[in-house]
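J.: If it helps, the file is called upload-v7.cif and holds mmCIF, C-alpha atoms:
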data_run
#
loop_
_atom_site.label_atom_id
_atom_site.label_comp_id
_atom_site.auth_asym_id
_atom_site.auth_seq_id
_atom_site.Cartn_x
_atom_site.Cartn_y
_atom_site.Cartn_z
CA MET A 1 65.22 175.36 139.75
CA MET A 2 63.17 173.37 137.26
CA ALA A 3 61.11 175.43 134.84
CA GLU A 4 57.43 175.43 135.78
CA THR A 5 55.10 173.30 133.71
CA MET A 6 51.40 172.88 133.29
CA LYS A 7 49.12 170.10 132.03
CA LEU A 8 46.61 170.32 129.20
CA GLU A 9 44.06 167.54 128.78
CA ILE A 10 43.06 167.64 125.14
CA PHE A 11 40.13 166.04 123.32
CA ARG A 12 41.36 163.71 120.59
CA TYR A 13 39.34 162.16 117.81
CA ARG A 14 40.96 160.55 114.80
CA PRO A 15 38.15 158.94 112.82
CA GLU A 16 40.51 156.69 110.83
CA LYS A 17 41.77 154.94 113.97
CA GLU A 18 39.16 155.34 116.71
CA SER A 19 35.39 155.27 116.79
CA GLU A 20 35.09 157.14 120.10
CA PRO A 21 36.88 160.30 121.17
CA THR A 22 39.60 160.03 123.83
CA PHE A 23 41.52 162.49 125.96
CA GLN A 24 45.27 162.94 125.92
CA THR A 25 47.26 164.86 128.52
CA TYR A 26 50.29 166.92 127.55
CA GLU A 27 52.77 168.70 129.79
CA VAL A 28 53.85 172.10 128.50
CA PRO A 29 56.12 174.84 129.88
CA PHE A 30 54.23 177.41 131.92
CA LEU A 31 55.01 180.92 130.76
CA GLU A 32 53.38 184.00 132.23
CA ASP A 33 52.54 185.45 128.80
CA TRP A 34 51.38 182.24 127.11
CA VAL A 35 47.81 181.67 126.05
CA VAL A 36 46.23 178.24 125.52
CA LEU A 37 46.89 178.55 121.78
CA ASP A 38 50.62 179.04 122.45
CA ALA A 39 50.61 175.88 124.53
CA ILE A 40 48.80 173.95 121.79
CA ASN A 41 51.19 175.27 119.15
CA HIS A 42 54.05 174.11 121.38
CA ILE A 43 52.48 170.65 121.54
CA LYS A 44 52.06 170.55 117.76
CA ASP A 45 55.66 171.70 117.11
CA GLU A 46 57.54 169.89 119.86
CA ILE A 47 55.50 167.02 121.30
CA ASP A 48 52.83 165.61 119.02
CA GLY A 49 52.48 166.72 115.40
CA THR A 50 49.27 164.76 114.94
CA LEU A 51 47.14 167.18 116.97
CA SER A 52 44.68 169.07 114.72
CA TYR A 53 43.07 172.45 115.42
CA ARG A 54 42.23 175.68 113.64
CA TRP A 55 44.05 178.93 114.22
CA SER A 56 45.38 181.87 112.32
CA CYS A 57 45.90 185.36 113.69
CA ARG A 58 46.78 184.77 117.38
CA MET A 59 45.20 188.11 118.30
CA GLY A 60 41.44 187.76 118.55
CA VAL A 61 40.65 189.02 115.06
CA CYS A 62 40.24 185.98 112.82
CA GLY A 63 37.81 183.96 114.94
CA SER A 64 39.36 180.58 114.04
CA CYS A 65 40.66 179.29 117.36
CA GLY A 66 37.47 178.95 119.39
CA MET A 67 37.56 175.98 121.77
CA MET A 68 35.92 174.84 124.97
CA ILE A 69 38.40 175.71 127.69
CA ASN A 70 37.40 174.13 130.98
CA GLY A 71 33.91 173.87 129.50
CA VAL A 72 33.63 177.53 128.52
CA PRO A 73 33.67 178.63 124.87
CA LYS A 74 36.69 180.91 124.43
CA LEU A 75 39.15 182.04 121.81
CA SER A 76 42.21 180.00 122.76
CA CYS A 77 44.39 182.97 121.76
CA ALA A 78 42.74 185.04 124.48
CA ALA A 79 42.77 182.47 127.31
CA PHE A 80 45.89 182.97 129.41
CA LEU A 81 47.54 179.97 131.05
CA LYS A 82 48.19 182.05 134.16
CA ASP A 83 44.44 182.30 134.77
CA TYR A 84 44.33 178.51 135.22
CA TYR A 85 47.77 177.74 136.67
CA PRO A 86 48.61 175.43 138.38
CA ASP A 87 45.48 173.42 137.58
CA LYS A 88 45.15 171.21 134.54
CA ILE A 89 43.26 172.82 131.63
CA LEU A 90 40.64 170.81 129.78
CA VAL A 91 40.50 171.66 126.05
CA GLU A 92 37.66 170.40 123.86
CA PRO A 93 36.17 171.31 120.49
CA LEU A 94 33.29 173.82 120.47
CA THR A 95 30.21 172.09 121.79
CA GLY A 96 27.04 171.74 119.71
CA PHE A 97 28.89 171.00 116.47
CA PRO A 98 29.94 167.71 114.91
CA VAL A 99 33.67 167.03 115.31
CA GLU A 100 35.75 166.61 112.17
CA ARG A 101 38.97 165.69 113.95
CA ASP A 102 40.49 166.54 117.35
CA LEU A 103 39.63 170.18 118.04
CA VAL A 104 38.33 170.85 114.53
CA ILE A 105 34.56 171.15 114.25
CA VAL A 106 32.35 170.89 111.17
CA MET A 107 31.08 174.42 110.54
CA ASP A 108 28.97 173.78 107.42
CA ASP A 109 25.72 174.37 109.32
CA PHE A 110 26.81 177.84 110.42
CA MET A 111 28.18 178.73 106.98
CA THR A 112 24.86 177.78 105.33
CA LYS A 113 22.89 179.85 107.84
CA LEU A 114 25.24 182.78 107.45
CA THR A 115 24.95 182.88 103.65
CA ASP A 116 21.19 182.36 103.74
CA MET A 117 20.91 185.40 106.01
CA GLN A 118 22.31 187.55 103.16
CA PRO A 119 24.59 189.59 105.42
CA TYR A 120 25.48 192.29 102.93
CA ILE A 121 23.91 195.53 101.74
CA ILE A 122 20.91 194.87 99.53
CA ARG A 123 19.40 197.69 97.45
CA LYS A 124 15.94 197.47 95.94
CA GLU A 125 15.61 196.83 92.23
CA GLY A 126 16.63 200.01 90.40
CA GLU A 127 17.69 201.89 93.53
CA GLU A 128 21.38 201.11 93.33
CA LYS A 129 23.24 204.40 92.95
CA PRO A 130 25.56 204.54 89.94
CA LEU A 131 29.23 204.53 90.96
CA GLU A 132 29.88 208.06 89.70
CA GLU A 133 27.34 209.44 92.20
CA GLY A 134 29.65 208.38 94.97
CA GLU A 135 29.12 206.55 98.23
CA TYR A 136 26.02 206.31 100.40
CA LEU A 137 26.63 208.78 103.18
CA GLN A 138 25.81 207.93 106.76
CA SER A 139 25.71 210.05 109.90
CA PRO A 140 27.55 208.99 113.08
CA ALA A 141 24.15 208.33 114.66
CA GLU A 142 23.19 206.00 111.81
CA LEU A 143 26.50 204.19 112.16
CA ALA A 144 26.02 203.86 115.92
CA ARG A 145 22.74 201.97 115.39
CA PHE A 146 24.44 198.89 113.96
CA LYS A 147 28.18 199.25 114.61
CA GLN A 148 28.20 196.95 117.63
CA TYR A 149 26.62 194.11 115.60
CA SER A 150 29.18 194.56 112.84
CA MET A 151 32.04 193.54 115.14
CA CYS A 152 31.23 189.80 114.76
CA ILE A 153 34.24 187.68 113.71
CA ASN A 154 32.19 184.49 113.06
CA CYS A 155 34.05 182.59 115.78
CA MET A 156 30.91 180.61 116.69
CA LEU A 157 31.52 180.85 120.45
CA CYS A 158 27.91 182.07 120.74
CA TYR A 159 26.64 178.87 119.10
CA ALA A 160 28.73 176.77 121.49
CA ALA A 161 27.28 178.73 124.42
CA CYS A 162 23.67 178.59 123.25
CA PRO A 163 21.59 175.89 125.00
CA VAL A 164 18.84 176.26 122.42
CA TYR A 165 21.23 175.50 119.56
CA ALA A 166 22.66 172.57 121.52
CA LEU A 167 19.18 171.05 121.82
CA ASP A 168 18.02 171.83 118.31
CA SER A 169 20.44 172.77 115.57
CA THR A 170 17.66 173.98 113.28
CA PHE A 171 17.74 177.21 115.31
CA ILE A 172 19.37 179.85 113.11
CA GLY A 173 21.39 180.98 116.09
CA PRO A 174 22.92 184.11 117.61
CA ALA A 175 25.64 185.24 115.17
CA ALA A 176 23.63 184.79 111.98
CA ILE A 177 20.64 186.67 113.41
CA ALA A 178 22.84 189.42 114.85
CA LEU A 179 24.47 189.86 111.44
CA GLY A 180 21.08 189.97 109.74
CA GLN A 181 20.06 192.60 112.25
CA ARG A 182 23.30 194.47 111.58
CA TYR A 183 22.25 194.99 107.95
CA ASN A 184 18.59 195.54 108.80
CA MET A 185 19.61 198.51 110.94
CA ASP A 186 22.00 199.94 108.38
CA SER A 187 20.53 203.07 106.76
CA ARG A 188 22.08 202.11 103.41
CA ASP A 189 20.37 198.73 103.33
CA GLN A 190 16.93 197.91 101.90
CA GLY A 191 16.99 194.15 102.33
CA ARG A 192 15.04 193.73 105.54
CA ASP A 193 12.06 192.09 103.80
CA ALA A 194 14.38 189.61 102.11
CA ARG A 195 15.89 188.62 105.48
CA GLN A 196 12.68 188.77 107.43
CA GLU A 197 11.33 185.43 106.20
CA LEU A 198 14.34 183.77 107.78
CA ILE A 199 14.60 185.94 110.89
CA ALA A 200 10.89 185.85 111.72
CA SER A 201 10.49 182.16 110.94
CA HIS A 202 9.81 179.70 113.71
CA ASN A 203 13.44 178.57 113.66
CA GLY A 204 14.64 182.15 113.65
CA ILE A 205 14.25 184.49 116.58
CA TRP A 206 11.29 182.64 118.12
CA GLU A 207 13.34 179.65 119.19
CA CYS A 208 15.45 181.96 121.36
CA THR A 209 14.53 181.86 125.05
CA PHE A 210 16.83 184.75 125.95
CA VAL A 211 19.29 182.80 128.05
CA GLY A 212 21.88 185.42 127.12
CA GLU A 213 24.97 183.18 127.18
CA CYS A 214 25.75 184.17 123.58
CA SER A 215 26.38 187.72 124.72
CA ALA A 216 28.29 186.57 127.80
CA VAL A 217 30.88 184.64 125.78
CA CYS A 218 31.16 186.98 122.76
CA PRO A 219 34.80 188.13 122.53
CA GLU A 220 33.78 191.19 120.50
CA HIS A 221 30.88 192.33 122.73
CA VAL A 222 28.43 192.06 119.85
CA ASP A 223 25.53 191.25 122.20
CA PRO A 224 23.62 188.89 119.88
CA ALA A 225 20.99 188.38 122.59
CA ALA A 226 20.03 192.04 122.36
CA ALA A 227 19.96 191.84 118.56
CA ILE A 228 17.53 188.92 118.76
CA GLN A 229 15.26 190.65 121.27
CA ARG A 230 15.16 193.79 119.13
CA ALA A 231 14.30 191.66 116.12
CA LYS A 232 11.48 190.08 118.16
CA VAL A 233 10.03 193.52 118.87
CA SER A 234 10.16 194.65 115.24
CA SER A 235 8.84 191.32 113.94
CA THR A 236 5.96 191.52 116.42
CA VAL A 237 5.12 195.01 115.16
CA ASP A 238 5.16 193.57 111.59
CA TRP A 239 2.88 190.75 112.64
CA PHE A 240 0.30 193.04 114.22
CA LYS A 241 0.43 195.34 111.19
CA ASP A 242 -0.22 192.32 108.98
CA VAL A 243 -3.15 191.16 111.07
CA LEU A 244 -4.73 194.53 111.81
CA ILE A 245 -4.14 196.20 108.44
CA PRO A 246 -3.88 193.32 105.96
CA TRP A 247 -4.63 195.66 103.04
CA GLY A 248 -1.51 197.67 103.90
CA LYS A 249 0.68 194.75 102.92
CA LYS A 250 3.33 195.41 100.35
CA LYS A 251 3.37 193.09 97.35
CA MET B 252 14.61 183.46 98.89
CA ALA B 253 13.97 182.12 102.35
CA GLY B 254 14.88 179.16 104.46
CA ILE B 255 18.06 177.38 105.40
CA GLY B 256 19.78 175.56 102.60
CA GLY B 257 16.72 176.10 100.41
CA VAL B 258 14.26 174.57 102.89
CA GLU B 259 11.10 176.69 103.11
CA MET B 260 10.34 177.88 106.62
CA ALA B 261 6.87 178.27 108.05
CA LYS B 262 5.63 181.73 108.95
CA SER B 263 5.38 181.94 112.69
CA ASN B 264 2.47 182.87 114.92
CA GLU B 265 4.82 183.33 117.86
CA PRO B 266 4.45 187.14 117.91
CA ILE B 267 1.02 186.91 119.53
CA TRP B 268 2.31 184.69 122.37
CA TRP B 269 5.55 186.57 122.67
CA SER B 270 3.83 189.95 122.94
CA LEU B 271 1.53 188.63 125.68
CA PHE B 272 4.59 187.10 127.36
CA SER B 273 6.46 190.40 127.26
CA ALA B 274 3.48 192.38 128.45
CA GLY B 275 3.08 189.90 131.32
CA GLY B 276 6.75 190.20 132.20
CA MET B 277 6.47 193.96 132.21
CA VAL B 278 3.43 193.87 134.49
CA ALA B 279 5.11 191.37 136.80
CA ALA B 280 8.26 193.47 137.01
CA MET B 281 6.60 196.87 137.43
CA VAL B 282 3.37 196.20 139.33
CA PHE B 283 3.97 193.07 141.40
CA PRO B 284 6.60 194.65 143.66
CA ILE B 285 4.17 197.45 144.50
CA LEU B 286 1.36 194.99 145.21
CA ILE B 287 3.71 192.91 147.36
CA ILE B 288 4.74 195.98 149.35
CA ILE B 289 1.11 196.98 149.89
CA THR B 290 -0.54 193.61 150.55
CA GLY B 291 2.45 191.73 151.95
CA ILE B 292 4.20 194.36 154.06
CA LEU B 293 2.31 197.61 154.66
CA VAL B 294 -1.09 196.07 155.42
CA PRO B 295 0.00 193.14 157.64
CA PHE B 296 2.39 195.35 159.62
CA GLY B 297 -0.36 197.89 160.20
CA LEU B 298 1.38 200.64 158.24
CA ALA B 299 -1.58 201.35 155.97
CA GLY B 300 -3.91 203.07 158.44
CA ASP B 301 -6.86 201.69 160.32
CA ASP B 302 -8.53 198.52 159.06
CA PRO B 303 -7.29 198.86 155.46
CA LEU B 304 -8.81 195.57 154.32
CA ASN B 305 -12.30 196.54 155.46
CA PHE B 306 -14.79 194.74 153.20
CA GLU B 307 -16.85 197.79 152.24
CA ARG B 308 -13.77 199.78 151.37
CA ILE B 309 -12.12 197.03 149.26
CA HIS B 310 -15.42 196.13 147.62
CA SER B 311 -16.13 199.67 146.51
CA ALA B 312 -12.58 200.06 145.24
CA VAL B 313 -12.71 196.81 143.28
CA SER B 314 -16.10 197.77 141.84
CA HIS B 315 -14.59 200.73 140.03
CA PRO B 316 -14.13 199.93 136.30
CA LEU B 317 -10.56 201.26 136.26
CA ILE B 318 -9.54 199.03 139.17
CA LYS B 319 -11.25 196.09 137.47
CA LEU B 320 -9.30 196.77 134.31
CA THR B 321 -6.05 197.02 136.27
CA LEU B 322 -6.77 193.78 138.10
CA PHE B 323 -7.60 192.10 134.83
CA ALA B 324 -4.24 193.12 133.35
CA VAL B 325 -2.38 192.15 136.51
CA ILE B 326 -3.98 188.69 136.57
CA SER B 327 -4.24 187.79 132.89
CA LEU B 328 -0.97 189.01 131.39
CA PRO B 329 1.33 187.30 133.92
CA LEU B 330 -0.59 184.06 133.25
CA PHE B 331 0.51 184.32 129.62
CA HIS B 332 4.00 185.14 130.83
CA TRP B 333 3.99 181.95 132.86
CA ALA B 334 2.50 179.92 129.98
CA HIS B 335 5.17 180.98 127.51
CA ARG B 336 8.07 180.50 129.92
CA PHE B 337 6.79 177.17 131.21
CA ARG B 338 6.18 175.92 127.65
CA PHE B 339 9.80 176.61 126.70
CA THR B 340 11.07 175.17 129.97
CA LEU B 341 9.24 171.90 129.32
CA VAL B 342 10.45 171.78 125.71
CA ASP B 343 14.01 172.46 126.85
CA VAL B 344 13.99 169.64 129.41
CA GLY B 345 13.33 167.26 126.55
CA LEU B 346 9.60 167.20 125.84
CA LYS B 347 9.92 168.61 122.34
CA SER B 348 8.09 165.63 120.87
CA VAL B 349 4.89 166.72 122.62
CA SER B 350 5.43 170.44 122.14
CA THR B 351 2.04 171.02 120.53
CA LEU B 352 0.26 169.46 123.50
CA ILE B 353 2.42 171.52 125.86
CA SER B 354 1.52 174.72 124.00
CA ILE B 355 -2.17 173.86 124.15
CA LEU B 356 -2.04 173.11 127.89
CA CYS B 357 0.06 176.17 128.79
CA TYR B 358 -1.69 178.80 126.68
CA GLY B 359 -5.01 177.03 127.26
CA GLY B 360 -4.43 177.37 131.01
CA ALA B 361 -3.70 181.05 130.63
CA ILE B 362 -6.82 181.54 128.49
CA VAL B 363 -8.98 179.69 131.05
CA GLY B 364 -7.48 181.81 133.84
CA THR B 365 -8.21 184.92 131.83
CA ILE B 366 -11.84 183.90 131.28
CA VAL B 367 -12.29 183.05 134.97
CA SER B 368 -10.86 186.41 136.00
CA VAL B 369 -13.16 188.22 133.57
CA VAL B 370 -16.20 186.37 134.95
CA ILE B 371 -15.23 187.09 138.57
CA LEU B 372 -14.43 190.74 137.93
CA TRP B 373 -17.62 191.18 135.93
CA ASN B 374 -19.72 189.84 138.78
CA ILE B 375 -18.24 191.99 141.52
#
Would you put the structure from the file into structure tokens?
T.:
Amino acid sequence: MMAETMKLEIFRYRPEKESEPTFQTYEVPFLEDWVVLDAINHIKDEIDGTLSYRWSCRMGVCGSCGMMINGVPKLSCAAFLKDYYPDKILVEPLTGFPVERDLVIVMDDFMTKLTDMQPYIIRKEGEEKPLEEGEYLQSPAELARFKQYSMCINCMLCYAACPVYALDSTFIGPAAIALGQRYNMDSRDQGRDARQELIASHNGIWECTFVGECSAVCPEHVDPAAAIQRAKVSSTVDWFKDVLIPWGKKK
Amino acid sequence: MAGIGGVEMAKSNEPIWWSLFSAGGMVAAMVFPILIIITGILVPFGLAGDDPLNFERIHSAVSHPLIKLTLFAVISLPLFHWAHRFRFTLVDVGLKSVSTLISILCYGGAIVGTIVSVVILWNI
């Protein structure tokens, strides 16, 4: 009996030779334990070495191999061929981003937003503990407040799923806000004010219309939609404090 | 430091609209089902006693300040809920270029509805 095969229709764009993207169909062996990334690696190694895509860990940790698989943003290392067999699988670059080449997107926009969010522990001037005093201790309850948001692997599937980001890329977007919120809710952090100008700006949380697709596609169950809604509540409290007790404003 | 790539970002007045939107959503979710059960099911099917919509009875109930306040919240807040949701719906279907006008019409509509409901409730 012939070995079973399966077809992958893959988005191609090679800017040096074509002005418009095209699609190319490849036939790959169908193996029960193969994921889409295995099939694409097979194409790269055995069929067509010109195909470009990002990948690294093959196990849902690095966040590099996000692609649109049949129109849904997924990590290609976590999308099993057997879930689509025997139908053809359509593979495209993450939607909402410019395409660099084939399945490789330009991620500069996300990287800028991520760094501007300052997703690291910030201590107020003069409140940094000297090293010899040891670490900042945290109770399990304090850890539980933000742990979920710290699971983000920056795979950008949430941006590809977000209709608001697709319409207007000035929106800061799910992952960056969720990571800001992750540090805001960390008992060791004092940087909320520094992040708030970005989070509470018009292009921050207020662009979000709570569609919730970011949380639906997140491979790490970060739930960015919940992070954004919680940030809306706390920013609204800030706003009313500012308006009702303007003299209570910190410098 | 604020802004994306060094671009300053405007401080937002969204919290006022968003808080009215959320309050309206809360009212719609918690109170509307009860009102629908009472006015849409119990009363028309005769399960709410004899002549429940008798004018004198309803009028005296609605004249009570607490009921007026409740009615005000139940009418006004969901209008703001609608305004906010409808504004974003229109922007999302591609009318971003006229978003200021949309905001004025949506929230303006909710404010007009609120004023009308105040006037009516006041005069009962």
J.: Can you measure atom CA of B:Phe306 to atom CA of B:Ile375 for me? One decimal in Å is fine.
T.: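 Spanning atom CA of B:Phe306 to atom CA of B:Ile375 is a straight-line distance of 12.5 Å.
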J.: Show me which bits of chain A are within 8 Å of chain B, counting only C-alpha atoms, as a PyMOL selection string.
T.: chain A and resi 112-113+116+164+167+194-195+197-198+200-203+206+209+232+235-236+239
J.: Output C-alpha atoms for every residue in that selection, as a CSV table (one decimal), keeping the file's coordinate frame.
T.:
chain,number,residue,atom,x,y,z
A,112,THR,CA,24.9,177.8,105.3
A,113,LYS,CA,22.9,179.8,107.8
A,116,ASP,CA,21.2,182.4,103.7
A,164,VAL,CA,18.8,176.3,122.4
A,167,LEU,CA,19.2,171.0,121.8
A,194,ALA,CA,14.4,189.6,102.1
A,195,ARG,CA,15.9,188.6,105.5
A,197,GLU,CA,11.3,185.4,106.2
A,198,LEU,CA,14.3,183.8,107.8
A,200,ALA,CA,10.9,185.8,111.7
A,201,SER,CA,10.5,182.2,110.9
A,202,HIS,CA,9.8,179.7,113.7
A,203,ASN,CA,13.4,178.6,113.7
A,206,TRP,CA,11.3,182.6,118.1
A,209,THR,CA,14.5,181.9,125.0
A,232,LYS,CA,11.5,190.1,118.2
A,235,SER,CA,8.8,191.3,113.9
A,236,THR,CA,6.0,191.5,116.4
A,239,TRP,CA,2.9,190.8,112.6
J.: Any idea what the distance is between atom CA of A:Arg123 and atom CA of A:Ser187?
T.: 10.8 Å
J.: List every protein, DNA or RNA residue with an atom no more than 10 Å from (-2.8, 181.1, 126.0) in the file's coordinates, counting all atoms listed in the file, and format the result as an mmCIF file with C-alpha atoms, keeping the file's coordinate frame.
T.:
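Wrote point_0.cif, looks like this:
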data_model
loop_
_atom_site.group_PDB
_atom_site.id
_atom_site.type_symbol
_atom_site.label_atom_id
_atom_site.label_comp_id
_atom_site.auth_asym_id
_atom_site.auth_seq_id
_atom_site.Cartn_x
_atom_site.Cartn_y
_atom_site.Cartn_z
ATOM 1 C CA ILE B 267 1.020 186.910 119.530
ATOM 2 C CA TRP B 268 2.310 184.690 122.370
ATOM 3 C CA LEU B 271 1.530 188.630 125.680
ATOM 4 C CA PHE B 272 4.590 187.100 127.360
ATOM 5 C CA SER B 327 -4.240 187.790 132.890
ATOM 6 C CA LEU B 328 -0.970 189.010 131.390
ATOM 7 C CA LEU B 330 -0.590 184.060 133.250
ATOM 8 C CA PHE B 331 0.510 184.320 129.620
ATOM 9 C CA HIS B 332 4.000 185.140 130.830
ATOM 10 C CA TRP B 333 3.990 181.950 132.860
ATOM 11 C CA ALA B 334 2.500 179.920 129.980
ATOM 12 C CA HIS B 335 5.170 180.980 127.510
ATOM 13 C CA SER B 354 1.520 174.720 124.000
ATOM 14 C CA ILE B 355 -2.170 173.860 124.150
ATOM 15 C CA LEU B 356 -2.040 173.110 127.890
ATOM 16 C CA CYS B 357 0.060 176.170 128.790
ATOM 17 C CA TYR B 358 -1.690 178.800 126.680
ATOM 18 C CA GLY B 359 -5.010 177.030 127.260
ATOM 19 C CA GLY B 360 -4.430 177.370 131.010
ATOM 20 C CA ALA B 361 -3.700 181.050 130.630
ATOM 21 C CA ILE B 362 -6.820 181.540 128.490
ATOM 22 C CA VAL B 363 -8.980 179.690 131.050
ATOM 23 C CA GLY B 364 -7.480 181.810 133.840
ATOM 24 C CA THR B 365 -8.210 184.920 131.830
#
J.: Name the residues captured by the PyMOL selection byres ((chain B and resi 278) around 10) when it is applied to the shown file; answer as a list in words.
T.: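 Selected by the PyMOL selection byres ((chain B and resi 278) around 10) here: Phe272, Ser273, Ala274, Gly275, Gly276, Met277, Ala279, Ala280, Met281, Val282, Phe283, Pro284, Ala324, Val325, Ile326, Ser327, Leu328, Pro329 and His332 of chain B.
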J.: Which distance in Å separates atom CA of A:Val106 and atom CA of A:Cys57, to one decimal?
T.: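 Computing it gives 20.0 Å between the two atoms.
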J.: Give as a CSV table (one decimal) with C-alpha atoms, in the coordinates of the input every residue, naming chains and numbers as the document does, that has an atom within 12 Å of (53.1, 170.5, 122.8), counting all atoms listed in the file.
T.:
chain,number,residue,atom,x,y,z
A,5,THR,CA,55.1,173.3,133.7
A,6,MET,CA,51.4,172.9,133.3
A,7,LYS,CA,49.1,170.1,132.0
A,8,LEU,CA,46.6,170.3,129.2
A,9,GLU,CA,44.1,167.5,128.8
A,10,ILE,CA,43.1,167.6,125.1
A,24,GLN,CA,45.3,162.9,125.9
A,25,THR,CA,47.3,164.9,128.5
A,26,TYR,CA,50.3,166.9,127.6
A,27,GLU,CA,52.8,168.7,129.8
A,28,VAL,CA,53.8,172.1,128.5
A,29,PRO,CA,56.1,174.8,129.9
A,30,PHE,CA,54.2,177.4,131.9
A,36,VAL,CA,46.2,178.2,125.5
A,37,LEU,CA,46.9,178.6,121.8
A,38,ASP,CA,50.6,179.0,122.4
A,39,ALA,CA,50.6,175.9,124.5
A,40,ILE,CA,48.8,174.0,121.8
A,41,ASN,CA,51.2,175.3,119.2
A,42,HIS,CA,54.0,174.1,121.4
A,43,ILE,CA,52.5,170.6,121.5
A,44,LYS,CA,52.1,170.6,117.8
A,45,ASP,CA,55.7,171.7,117.1
A,46,GLU,CA,57.5,169.9,119.9
A,47,ILE,CA,55.5,167.0,121.3
A,48,ASP,CA,52.8,165.6,119.0
A,49,GLY,CA,52.5,166.7,115.4
A,50,THR,CA,49.3,164.8,114.9
A,51,LEU,CA,47.1,167.2,117.0
A,52,SER,CA,44.7,169.1,114.7
J.: Using only C-alpha atoms, find the one residue out of A:Val99, A:Val61, A:Cys77, A:Ala226 that sits nearest to A:Asn154.
T.: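 For A:Asn154, the nearest of the given residues is A:Val61.
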J.: I need the residue set behind the PyMOL selection byres ((chain A and resi 55) around 6) for this file; please write it as a PyMOL selection string.
T.: chain A and resi 54+56+64-65
J.: Take stretch 15-27 of chain A from the block and save it with N, CA, C and O atoms, as a PDB file, in the first residue's frame.
T.:
ATOM      1  N   PRO A  15       9.924  38.898  -2.321  1.00  0.00           N
ATOM      2  CA  PRO A  15       9.866  40.277  -2.851  1.00  0.00           C
ATOM      3  C   PRO A  15      10.835  40.533  -3.999  1.00  0.00           C
ATOM      4  O   PRO A  15      10.580  41.414  -4.827  1.00  0.00           O
ATOM      5  N   GLU A  16      11.942  39.768  -4.089  1.00  0.00           N
ATOM      6  CA  GLU A  16      12.895  40.039  -5.168  1.00  0.00           C
ATOM      7  C   GLU A  16      12.396  39.513  -6.510  1.00  0.00           C
ATOM      8  O   GLU A  16      12.888  39.906  -7.554  1.00  0.00           O
ATOM      9  N   LYS A  17      11.396  38.614  -6.518  1.00  0.00           N
ATOM     10  CA  LYS A  17      10.935  38.093  -7.802  1.00  0.00           C
ATOM     11  C   LYS A  17       9.439  38.227  -8.054  1.00  0.00           C
ATOM     12  O   LYS A  17       8.980  37.968  -9.159  1.00  0.00           O
ATOM     13  N   GLU A  18       8.664  38.624  -7.055  1.00  0.00           N
ATOM     14  CA  GLU A  18       7.231  38.800  -7.320  1.00  0.00           C
ATOM     15  C   GLU A  18       6.690  39.971  -6.516  1.00  0.00           C
ATOM     16  O   GLU A  18       7.117  40.216  -5.387  1.00  0.00           O
ATOM     17  N   SER A  19       5.751  40.703  -7.122  1.00  0.00           N
ATOM     18  CA  SER A  19       5.220  41.863  -6.429  1.00  0.00           C
ATOM     19  C   SER A  19       3.980  41.478  -5.621  1.00  0.00           C
ATOM     20  O   SER A  19       3.621  42.166  -4.671  1.00  0.00           O
ATOM     21  N   GLU A  20       3.341  40.380  -5.993  1.00  0.00           N
ATOM     22  CA  GLU A  20       2.149  39.924  -5.280  1.00  0.00           C
ATOM     23  C   GLU A  20       2.423  38.541  -4.691  1.00  0.00           C
ATOM     24  O   GLU A  20       3.128  37.734  -5.295  1.00  0.00           O
ATOM     25  N   PRO A  21       1.842  38.248  -3.540  1.00  0.00           N
ATOM     26  CA  PRO A  21       2.002  36.906  -2.987  1.00  0.00           C
ATOM     27  C   PRO A  21       1.301  35.860  -3.853  1.00  0.00           C
ATOM     28  O   PRO A  21       0.341  36.171  -4.565  1.00  0.00           O
ATOM     29  N   THR A  22       1.795  34.631  -3.793  1.00  0.00           N
ATOM     30  CA  THR A  22       1.145  33.522  -4.497  1.00  0.00           C
ATOM     31  C   THR A  22       0.988  32.366  -3.510  1.00  0.00           C
ATOM     32  O   THR A  22       1.475  32.443  -2.387  1.00  0.00           O
ATOM     33  N   PHE A  23       0.315  31.320  -3.963  1.00  0.00           N
ATOM     34  CA  PHE A  23       0.199  30.129  -3.123  1.00  0.00           C
ATOM     35  C   PHE A  23       0.841  28.955  -3.844  1.00  0.00           C
ATOM     36  O   PHE A  23       0.759  28.837  -5.065  1.00  0.00           O
ATOM     37  N   GLN A  24       1.491  28.102  -3.079  1.00  0.00           N
ATOM     38  CA  GLN A  24       2.143  26.934  -3.661  1.00  0.00           C
ATOM     39  C   GLN A  24       1.707  25.708  -2.852  1.00  0.00           C
ATOM     40  O   GLN A  24       1.700  25.737  -1.620  1.00  0.00           O
ATOM     41  N   THR A  25       1.321  24.655  -3.590  1.00  0.00           N
ATOM     42  CA  THR A  25       0.850  23.448  -2.908  1.00  0.00           C
ATOM     43  C   THR A  25       1.942  22.380  -2.889  1.00  0.00           C
ATOM     44  O   THR A  25       2.603  22.145  -3.906  1.00  0.00           O
ATOM     45  N   TYR A  26       2.143  21.807  -1.717  1.00  0.00           N
ATOM     46  CA  TYR A  26       3.148  20.756  -1.552  1.00  0.00           C
ATOM     47  C   TYR A  26       2.453  19.502  -1.039  1.00  0.00           C
ATOM     48  O   TYR A  26       1.520  19.586  -0.240  1.00  0.00           O
ATOM     49  N   GLU A  27       2.957  18.330  -1.495  1.00  0.00           N
ATOM     50  CA  GLU A  27       2.421  17.080  -0.982  1.00  0.00           C
ATOM     51  C   GLU A  27       3.444  16.484  -0.023  1.00  0.00           C
ATOM     52  O   GLU A  27       4.621  16.354  -0.364  1.00  0.00           O
TER      53      GLU A  27
END
